[in-house]
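Asks: Okay, so here is start.cif, and as you'll see once you scroll down, it has mmCIF, C-alpha atoms and all ligand atoms.
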data_protein
loop_
_atom_site.label_atom_id
_atom_site.label_comp_id
_atom_site.auth_asym_id
_atom_site.auth_seq_id
_atom_site.Cartn_x
_atom_site.Cartn_y
_atom_site.Cartn_z
CA MET B 54 0.00 0.00 0.00
CA ARG B 55 1.15 3.54 -0.78
CA LYS B 56 2.94 5.24 2.14
CA ILE B 57 2.56 8.96 2.62
CA VAL B 58 3.98 11.84 4.66
CA VAL B 59 1.54 13.74 6.88
CA ALA B 60 2.70 17.22 7.98
CA ILE B 61 0.85 18.91 10.83
CA ASP B 62 1.76 22.53 11.60
CA GLY B 63 0.22 25.23 13.72
CA TYR B 64 0.37 27.45 16.78
CA SER B 65 1.56 26.39 20.22
CA ALA B 66 -0.67 24.06 22.22
CA CYS B 67 -3.51 23.66 19.75
CA GLY B 68 -3.43 19.87 19.88
CA LYS B 69 -0.94 19.07 17.12
CA SER B 70 1.21 16.60 19.02
CA SER B 71 -1.55 14.54 20.59
CA THR B 72 -3.46 14.46 17.30
CA ALA B 73 -0.36 13.58 15.27
CA LYS B 74 0.52 10.76 17.68
CA GLN B 75 -2.95 9.24 17.45
CA VAL B 76 -3.11 9.65 13.65
CA ALA B 77 0.25 7.87 13.34
CA SER B 78 -1.00 5.03 15.49
CA ALA B 79 -4.25 4.72 13.46
CA LEU B 80 -2.27 4.54 10.21
CA GLY B 81 0.51 2.32 11.61
CA TYR B 82 2.99 5.14 10.89
CA LYS B 83 5.95 6.58 12.76
CA TYR B 84 5.28 9.78 14.75
CA ILE B 85 7.97 12.45 15.01
CA ASP B 86 7.60 15.39 17.38
CA SER B 87 9.84 18.05 15.82
CA GLY B 88 9.10 20.45 18.69
CA ALA B 89 10.68 17.96 21.10
CA MET B 90 13.92 18.30 19.12
CA TYR B 91 13.94 22.10 19.49
CA ARG B 92 13.08 21.68 23.17
CA ALA B 93 15.93 19.17 23.73
CA THR B 94 18.35 21.52 21.96
CA THR B 95 17.17 24.35 24.22
CA LEU B 96 17.70 22.20 27.31
CA TYR B 97 21.26 21.47 26.21
CA PHE B 98 21.90 25.20 25.59
CA LEU B 99 20.55 26.07 29.04
CA GLU B 100 22.52 23.39 30.84
CA HIS B 101 25.75 24.39 29.10
CA TYR B 102 25.23 28.16 29.35
CA ILE B 103 25.54 28.56 25.59
CA ASN B 104 25.70 32.17 24.46
CA LEU B 105 23.05 32.35 21.73
CA ASP B 106 24.76 35.36 20.16
CA ASN B 107 28.07 33.55 19.72
CA PRO B 108 27.97 31.45 16.51
CA LYS B 109 31.06 29.47 17.55
CA ASP B 110 29.44 28.42 20.84
CA VAL B 111 26.25 27.49 19.01
CA ALA B 112 28.11 25.46 16.37
CA LYS B 113 30.10 23.61 19.05
CA ALA B 114 26.94 22.83 21.00
CA LEU B 115 25.18 21.53 17.89
CA ALA B 116 28.14 19.29 17.12
CA ASN B 117 28.03 17.88 20.66
CA LEU B 118 24.33 17.20 21.04
CA HIS B 119 22.59 14.11 19.83
CA ILE B 120 18.82 13.73 19.92
CA ASP B 121 16.84 10.56 19.32
CA PHE B 122 13.56 8.94 20.24
CA HIS B 123 13.02 5.60 21.97
CA TYR B 124 9.78 3.76 22.48
CA ASN B 125 8.88 3.19 26.12
CA GLU B 126 6.92 -0.06 26.38
CA ARG B 127 5.60 0.80 29.86
CA ASN B 128 3.64 3.89 28.79
CA GLY B 129 3.47 3.39 25.02
CA LYS B 130 5.22 6.74 24.43
CA ASN B 131 8.02 7.60 22.06
CA GLU B 132 10.33 9.47 24.42
CA THR B 133 13.01 12.07 23.72
CA TYR B 134 16.68 11.36 24.54
CA LEU B 135 19.46 13.93 24.67
CA ASN B 136 22.95 12.44 24.52
CA GLY B 137 21.60 9.13 25.78
CA LEU B 138 19.55 10.61 28.63
CA ASN B 139 15.76 10.52 28.82
CA VAL B 140 14.68 14.20 28.86
CA GLU B 141 11.01 13.71 27.99
CA GLU B 142 9.74 15.35 31.19
CA GLU B 143 12.39 18.04 31.51
CA ILE B 144 11.83 19.45 28.01
CA ARG B 145 8.13 20.17 28.77
CA THR B 146 8.86 22.43 31.76
CA MET B 147 8.27 26.21 31.65
CA ARG B 148 12.03 26.76 31.97
CA VAL B 149 12.44 25.25 28.50
CA SER B 150 9.19 26.73 27.11
CA GLU B 151 10.40 30.20 28.02
CA LYS B 152 13.56 29.87 25.93
CA VAL B 153 12.69 27.48 23.11
CA SER B 154 11.36 29.97 20.56
CA GLU B 155 14.43 32.14 20.93
CA VAL B 156 16.69 29.15 20.29
CA SER B 157 14.47 28.17 17.35
CA THR B 158 15.15 31.45 15.54
CA ILE B 159 18.84 30.54 15.12
CA LYS B 160 19.57 29.58 11.52
CA GLU B 161 22.21 26.97 12.39
CA VAL B 162 19.85 25.29 14.85
CA ARG B 163 17.12 25.07 12.22
CA HIS B 164 19.45 23.69 9.57
CA ALA B 165 20.68 20.95 11.91
CA MET B 166 17.14 19.97 12.98
CA VAL B 167 15.64 20.09 9.48
CA ALA B 168 18.41 17.84 8.10
CA GLN B 169 17.76 15.27 10.82
CA GLN B 170 13.98 15.46 10.34
CA GLN B 171 14.27 14.95 6.58
CA LYS B 172 16.39 11.85 7.19
CA MET B 173 13.80 10.50 9.65
CA GLY B 174 11.00 10.89 7.10
CA LYS B 175 12.89 9.67 4.06
CA SER B 176 11.15 6.31 3.83
CA LYS B 177 7.69 7.92 4.27
CA GLY B 178 5.01 6.36 6.49
CA VAL B 179 5.48 9.22 8.89
CA VAL B 180 3.42 11.86 10.70
CA MET B 181 5.46 14.87 11.81
CA ASP B 182 4.21 17.93 13.67
CA GLY B 183 5.79 21.34 14.13
CA ARG B 184 5.86 24.82 12.60
CA ASP B 185 7.64 24.41 9.26
CA ILE B 186 6.97 20.79 8.35
CA GLY B 187 4.71 21.49 5.36
CA THR B 188 6.70 24.52 4.22
CA VAL B 189 10.38 23.63 4.75
CA VAL B 190 10.96 20.08 6.03
CA PHE B 191 8.57 18.30 3.65
CA PRO B 192 7.27 20.81 1.09
CA GLN B 193 6.17 17.80 -1.00
CA ALA B 194 4.19 16.20 1.86
CA ASP B 195 1.14 14.31 0.59
CA LEU B 196 -1.10 15.78 3.29
CA LYS B 197 -0.59 19.10 5.06
CA VAL B 198 -2.75 20.15 7.98
CA PHE B 199 -2.64 23.55 9.65
CA MET B 200 -4.16 23.53 13.14
CA THR B 201 -5.52 26.51 15.00
CA ALA B 202 -7.51 26.98 18.21
CA ASP B 203 -8.78 29.78 20.39
CA MET B 204 -6.17 31.12 22.86
CA ASP B 205 -8.32 30.40 25.95
CA VAL B 206 -8.86 26.81 24.85
CA ARG B 207 -5.15 26.33 24.12
CA ALA B 208 -4.06 27.78 27.47
CA GLY B 209 -6.56 25.62 29.34
CA ARG B 210 -5.35 22.47 27.59
CA ARG B 211 -1.70 23.31 28.31
CA GLN B 212 -2.49 23.98 31.96
CA GLU B 213 -4.09 20.54 32.23
CA GLU B 214 -1.04 18.91 30.62
CA LEU B 215 1.33 20.65 33.03
CA LEU B 216 -0.89 19.72 35.96
CA ALA B 217 -0.90 16.08 34.87
CA ALA B 218 2.91 16.30 34.90
CA GLY B 219 2.80 17.61 38.47
CA THR B 220 3.05 21.44 38.20
CA LEU B 221 0.36 24.03 38.59
CA VAL B 222 1.12 27.03 36.39
CA ASP B 223 -0.95 30.20 36.42
CA LEU B 224 -3.22 30.52 33.37
CA ASP B 225 -2.01 34.05 32.60
CA GLU B 226 1.61 32.91 32.63
CA ILE B 227 0.73 30.16 30.15
CA LYS B 228 -1.17 32.58 27.91
CA GLN B 229 1.74 35.00 27.90
CA ASN B 230 4.16 32.22 27.00
CA LEU B 231 1.95 30.92 24.16
CA ALA B 232 1.42 34.43 22.75
CA HIS B 233 5.13 35.21 23.01
CA ARG B 234 6.10 31.98 21.23
CA ASP B 235 3.43 32.48 18.52
CA HIS B 236 4.86 35.92 17.88
CA LEU B 237 8.51 34.78 17.71
CA ASP B 238 7.61 31.71 15.65
CA SER B 239 5.55 33.69 13.11
CA THR B 240 7.91 36.64 12.70
CA ARG B 241 11.34 34.99 12.61
CA LYS B 242 13.39 35.27 9.42
CA GLU B 243 14.28 31.61 9.06
CA SER B 244 11.31 29.35 8.21
CA PRO B 245 8.57 31.24 10.06
CA LEU B 246 5.31 29.62 11.05
CA ILE B 247 2.96 30.20 8.13
CA LYS B 248 0.19 28.13 6.62
CA ALA B 249 1.37 26.40 3.44
CA ASP B 250 -0.82 27.32 0.44
CA ASP B 251 -1.91 23.72 0.04
CA ALA B 252 -2.52 23.01 3.76
CA ILE B 253 -5.99 22.18 5.06
CA GLU B 254 -6.90 24.32 8.07
CA ILE B 255 -8.59 22.69 11.06
CA ASP B 256 -9.80 24.81 13.98
CA THR B 257 -9.84 22.50 17.00
CA SER B 258 -11.47 24.96 19.47
CA PHE B 259 -14.81 23.18 19.47
CA LEU B 260 -13.79 19.75 18.24
CA SER B 261 -13.49 16.74 20.49
CA PHE B 262 -10.11 15.00 20.41
CA GLU B 263 -11.70 11.98 18.68
CA ASP B 264 -13.22 14.22 15.99
CA GLN B 265 -9.98 16.02 15.23
CA VAL B 266 -8.12 12.71 14.91
CA ALA B 267 -10.90 11.26 12.74
CA GLN B 268 -10.75 14.26 10.38
CA VAL B 269 -7.02 13.90 9.77
CA VAL B 270 -7.16 10.09 9.49
CA GLY B 271 -10.03 10.47 6.98
CA LEU B 272 -8.03 12.93 4.86
CA ALA B 273 -4.96 10.67 4.98
CA LYS B 274 -6.90 7.53 4.02
CA LYS B 275 -8.43 9.31 1.03
CA ILE B 276 -4.94 10.01 -0.29
CA ILE B 277 -3.56 6.57 0.58
CA ASN B 278 -6.43 4.82 -1.21
CA LYS B 279 -6.43 7.07 -4.25
O1 LIG Y 301 3.76 21.72 22.19
P1 LIG Y 301 3.91 23.19 21.87
O2 LIG Y 301 2.88 23.62 20.93
O3 LIG Y 301 4.05 24.04 23.08
O4 LIG Y 301 5.27 23.42 21.12
P2 LIG Y 301 6.29 22.40 20.50
O5 LIG Y 301 5.70 21.76 19.28
O6 LIG Y 301 6.84 21.52 21.55
O7 LIG Y 301 7.43 23.41 19.98
C1 LIG Y 301 8.15 24.20 20.88
C2 LIG Y 301 8.80 25.34 20.12
O8 LIG Y 301 9.76 24.81 19.23
C3 LIG Y 301 7.90 26.21 19.26
O9 LIG Y 301 7.27 27.27 19.97
C4 LIG Y 301 8.86 26.73 18.20
O10 LIG Y 301 9.56 27.86 18.68
C5 LIG Y 301 9.84 25.59 18.04
N1 LIG Y 301 9.59 24.75 16.87
C6 LIG Y 301 10.02 25.20 15.64
O11 LIG Y 301 10.55 26.30 15.54
N2 LIG Y 301 9.87 24.42 14.54
C7 LIG Y 301 9.29 23.22 14.61
N3 LIG Y 301 9.19 22.47 13.52
C8 LIG Y 301 8.80 22.75 15.86
C9 LIG Y 301 8.95 23.55 16.97
#
Can you present the structure in this file as structure tokens?
Ligand code: CDP

Replies:
Amino acid sequence: MRKIVVAIDGYSACGKSSTAKQVASALGYKYIDSGAMYRATTLYFLEHYINLDNPKDVAKALANLHIDFHYNERNGKNETYLNGLNVEEEIRTMRVSEKVSEVSTIKEVRHAMVAQQQKMGKSKGVVMDGRDIGTVVFPQADLKVFMTADMDVRAGRRQEELLAAGTLVDLDEIKQNLAHRDHLDSTRKESPLIKADDAIEIDTSFLSFEDQVAQVVGLAKKIINK
């Protein structure tokens, strides 16, 4: 059967990752969380006090960091590893969220991540979510989805996720972080967050999780069975 690439882009916390994960599982595809790679890079930069304005420091850091994903049989999650260490929880903290969009504006960081993402999706049969997947990483993707959602809904969902991970974060702080990241992500020079011309927009504000997954799976199956 024909294997395709599904690219899911959109604003912070509008349900891309959870949808992409479920779509991948429904199609029997690999799921790749490109945001986790930018988050792991940010964690490395924080831990090693990398000066973001010093290209030599940045290049050295990029040469020394290795990111990969390993399946955890206990929870059924594909978890993020940085230089052999499981950083899945650490990369979702506010400390990383506060810095990640700044790190993601750096051209050298983007080039390194994009090259690795393209390698991961080379044999197709992949669902990848992020900001530039349909525009830069896989401009030839068979299906491109652009997700949006109301800010209040997004902030509420993110607060629940953080709470499930054990931290209560003020709703206003979350809203500020999401708005700040949306702004940096959409206005940066290198591969900004924009809807690809051929992407299908899905507003998830009033959709149940099952419905949003079903919509994307339906679109994908139409293409696969064409
Ligand atoms: O889950 P959430 O929506 O908070 O964000 P994420 O997908 O984990 O991505 C975190 C950050 O990484 C984004 O705000 C972007 O700054 C950056 N990112 C990017 O620049 N390009 C991507 N393909 C994915 C993420």

Asks: Take atom CA of Ser71 of chain B and atom CA of Val266 of chain B and report the distance between them in Å, one decimal.

Replies: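 Computed distance, atom CA of Ser71 of chain B to atom CA of Val266 of chain B, equals 8.9 Å.
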
Asks: Would you mind listing the residues within 7 Å of ligand LIG 301 (chain Y), counting all atoms listed in the file, as an MDAnalysis selection string?

Replies: chainID B and resid 64:67 70 86:89 91:92 150 153:155 157:158 182:186 234:235 238

Asks: Return as lines of an AutoDock Vina configuration file the box centre and box size in Å, one decimal, for an axis-aligned box around all listed atoms of segment 269-279 of chain B padded by 8 Å per side.

Replies:
center_x = -6.8
center_y = 9.4
center_z = 2.8
size_x = 22.5
size_y = 25.1
size_z = 30.0

Asks: Compile a residue-level contact table for segment 73-105 of chain B against segment 114-138 of chain B at a cut-off of 8 Å, reporting for every qualifying residue the shortest atom pair and its distance in Å to one decimal, with only C-alpha atoms counted, rows ordered by chain and ascending number, as a tab-separated table.

Replies:
residue	atom	partner	partner_atom	distance
B:Ala89	CA	B:Thr133	CA	6.9
B:Met90	CA	B:Ile120	CA	6.7
B:Ala93	CA	B:Leu135	CA	6.4
B:Thr94	CA	B:Leu118	CA	7.4
B:Tyr97	CA	B:Leu118	CA	7.4
B:Phe98	CA	B:Ala114	CA	7.2
B:Ile103	CA	B:Ala114	CA	7.5

Asks: Quick one: of B:Pro245, B:Gly68, B:Gly81, B:Gly271, who's nearest to Arg163 of chain B, counting all atoms listed in the file?

Replies: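 Under the stated criterion, the closest residue is B:Pro245.
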
Asks: If you measure from atom CA of Leu99 of chain B to atom CA of Val111 of chain B, what distance in Å do you get, rounded to one decimal?

Replies: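 So the answer is 11.6 Å.
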
Asks: Quick one, how far is atom CA of Ala218 of chain B from atom CA of Met204 of chain B?

Replies: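 Rounded to one decimal, the two atoms are 21.1 Å apart.
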
Asks: May I ask which of the residues B:Gly178, B:Gly187, B:Pro192, B:Gly219 is the closest one to Val58 of chain B, counting only C-alpha atoms?

Replies: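 The closest residue to Val58 of chain B is B:Gly178.
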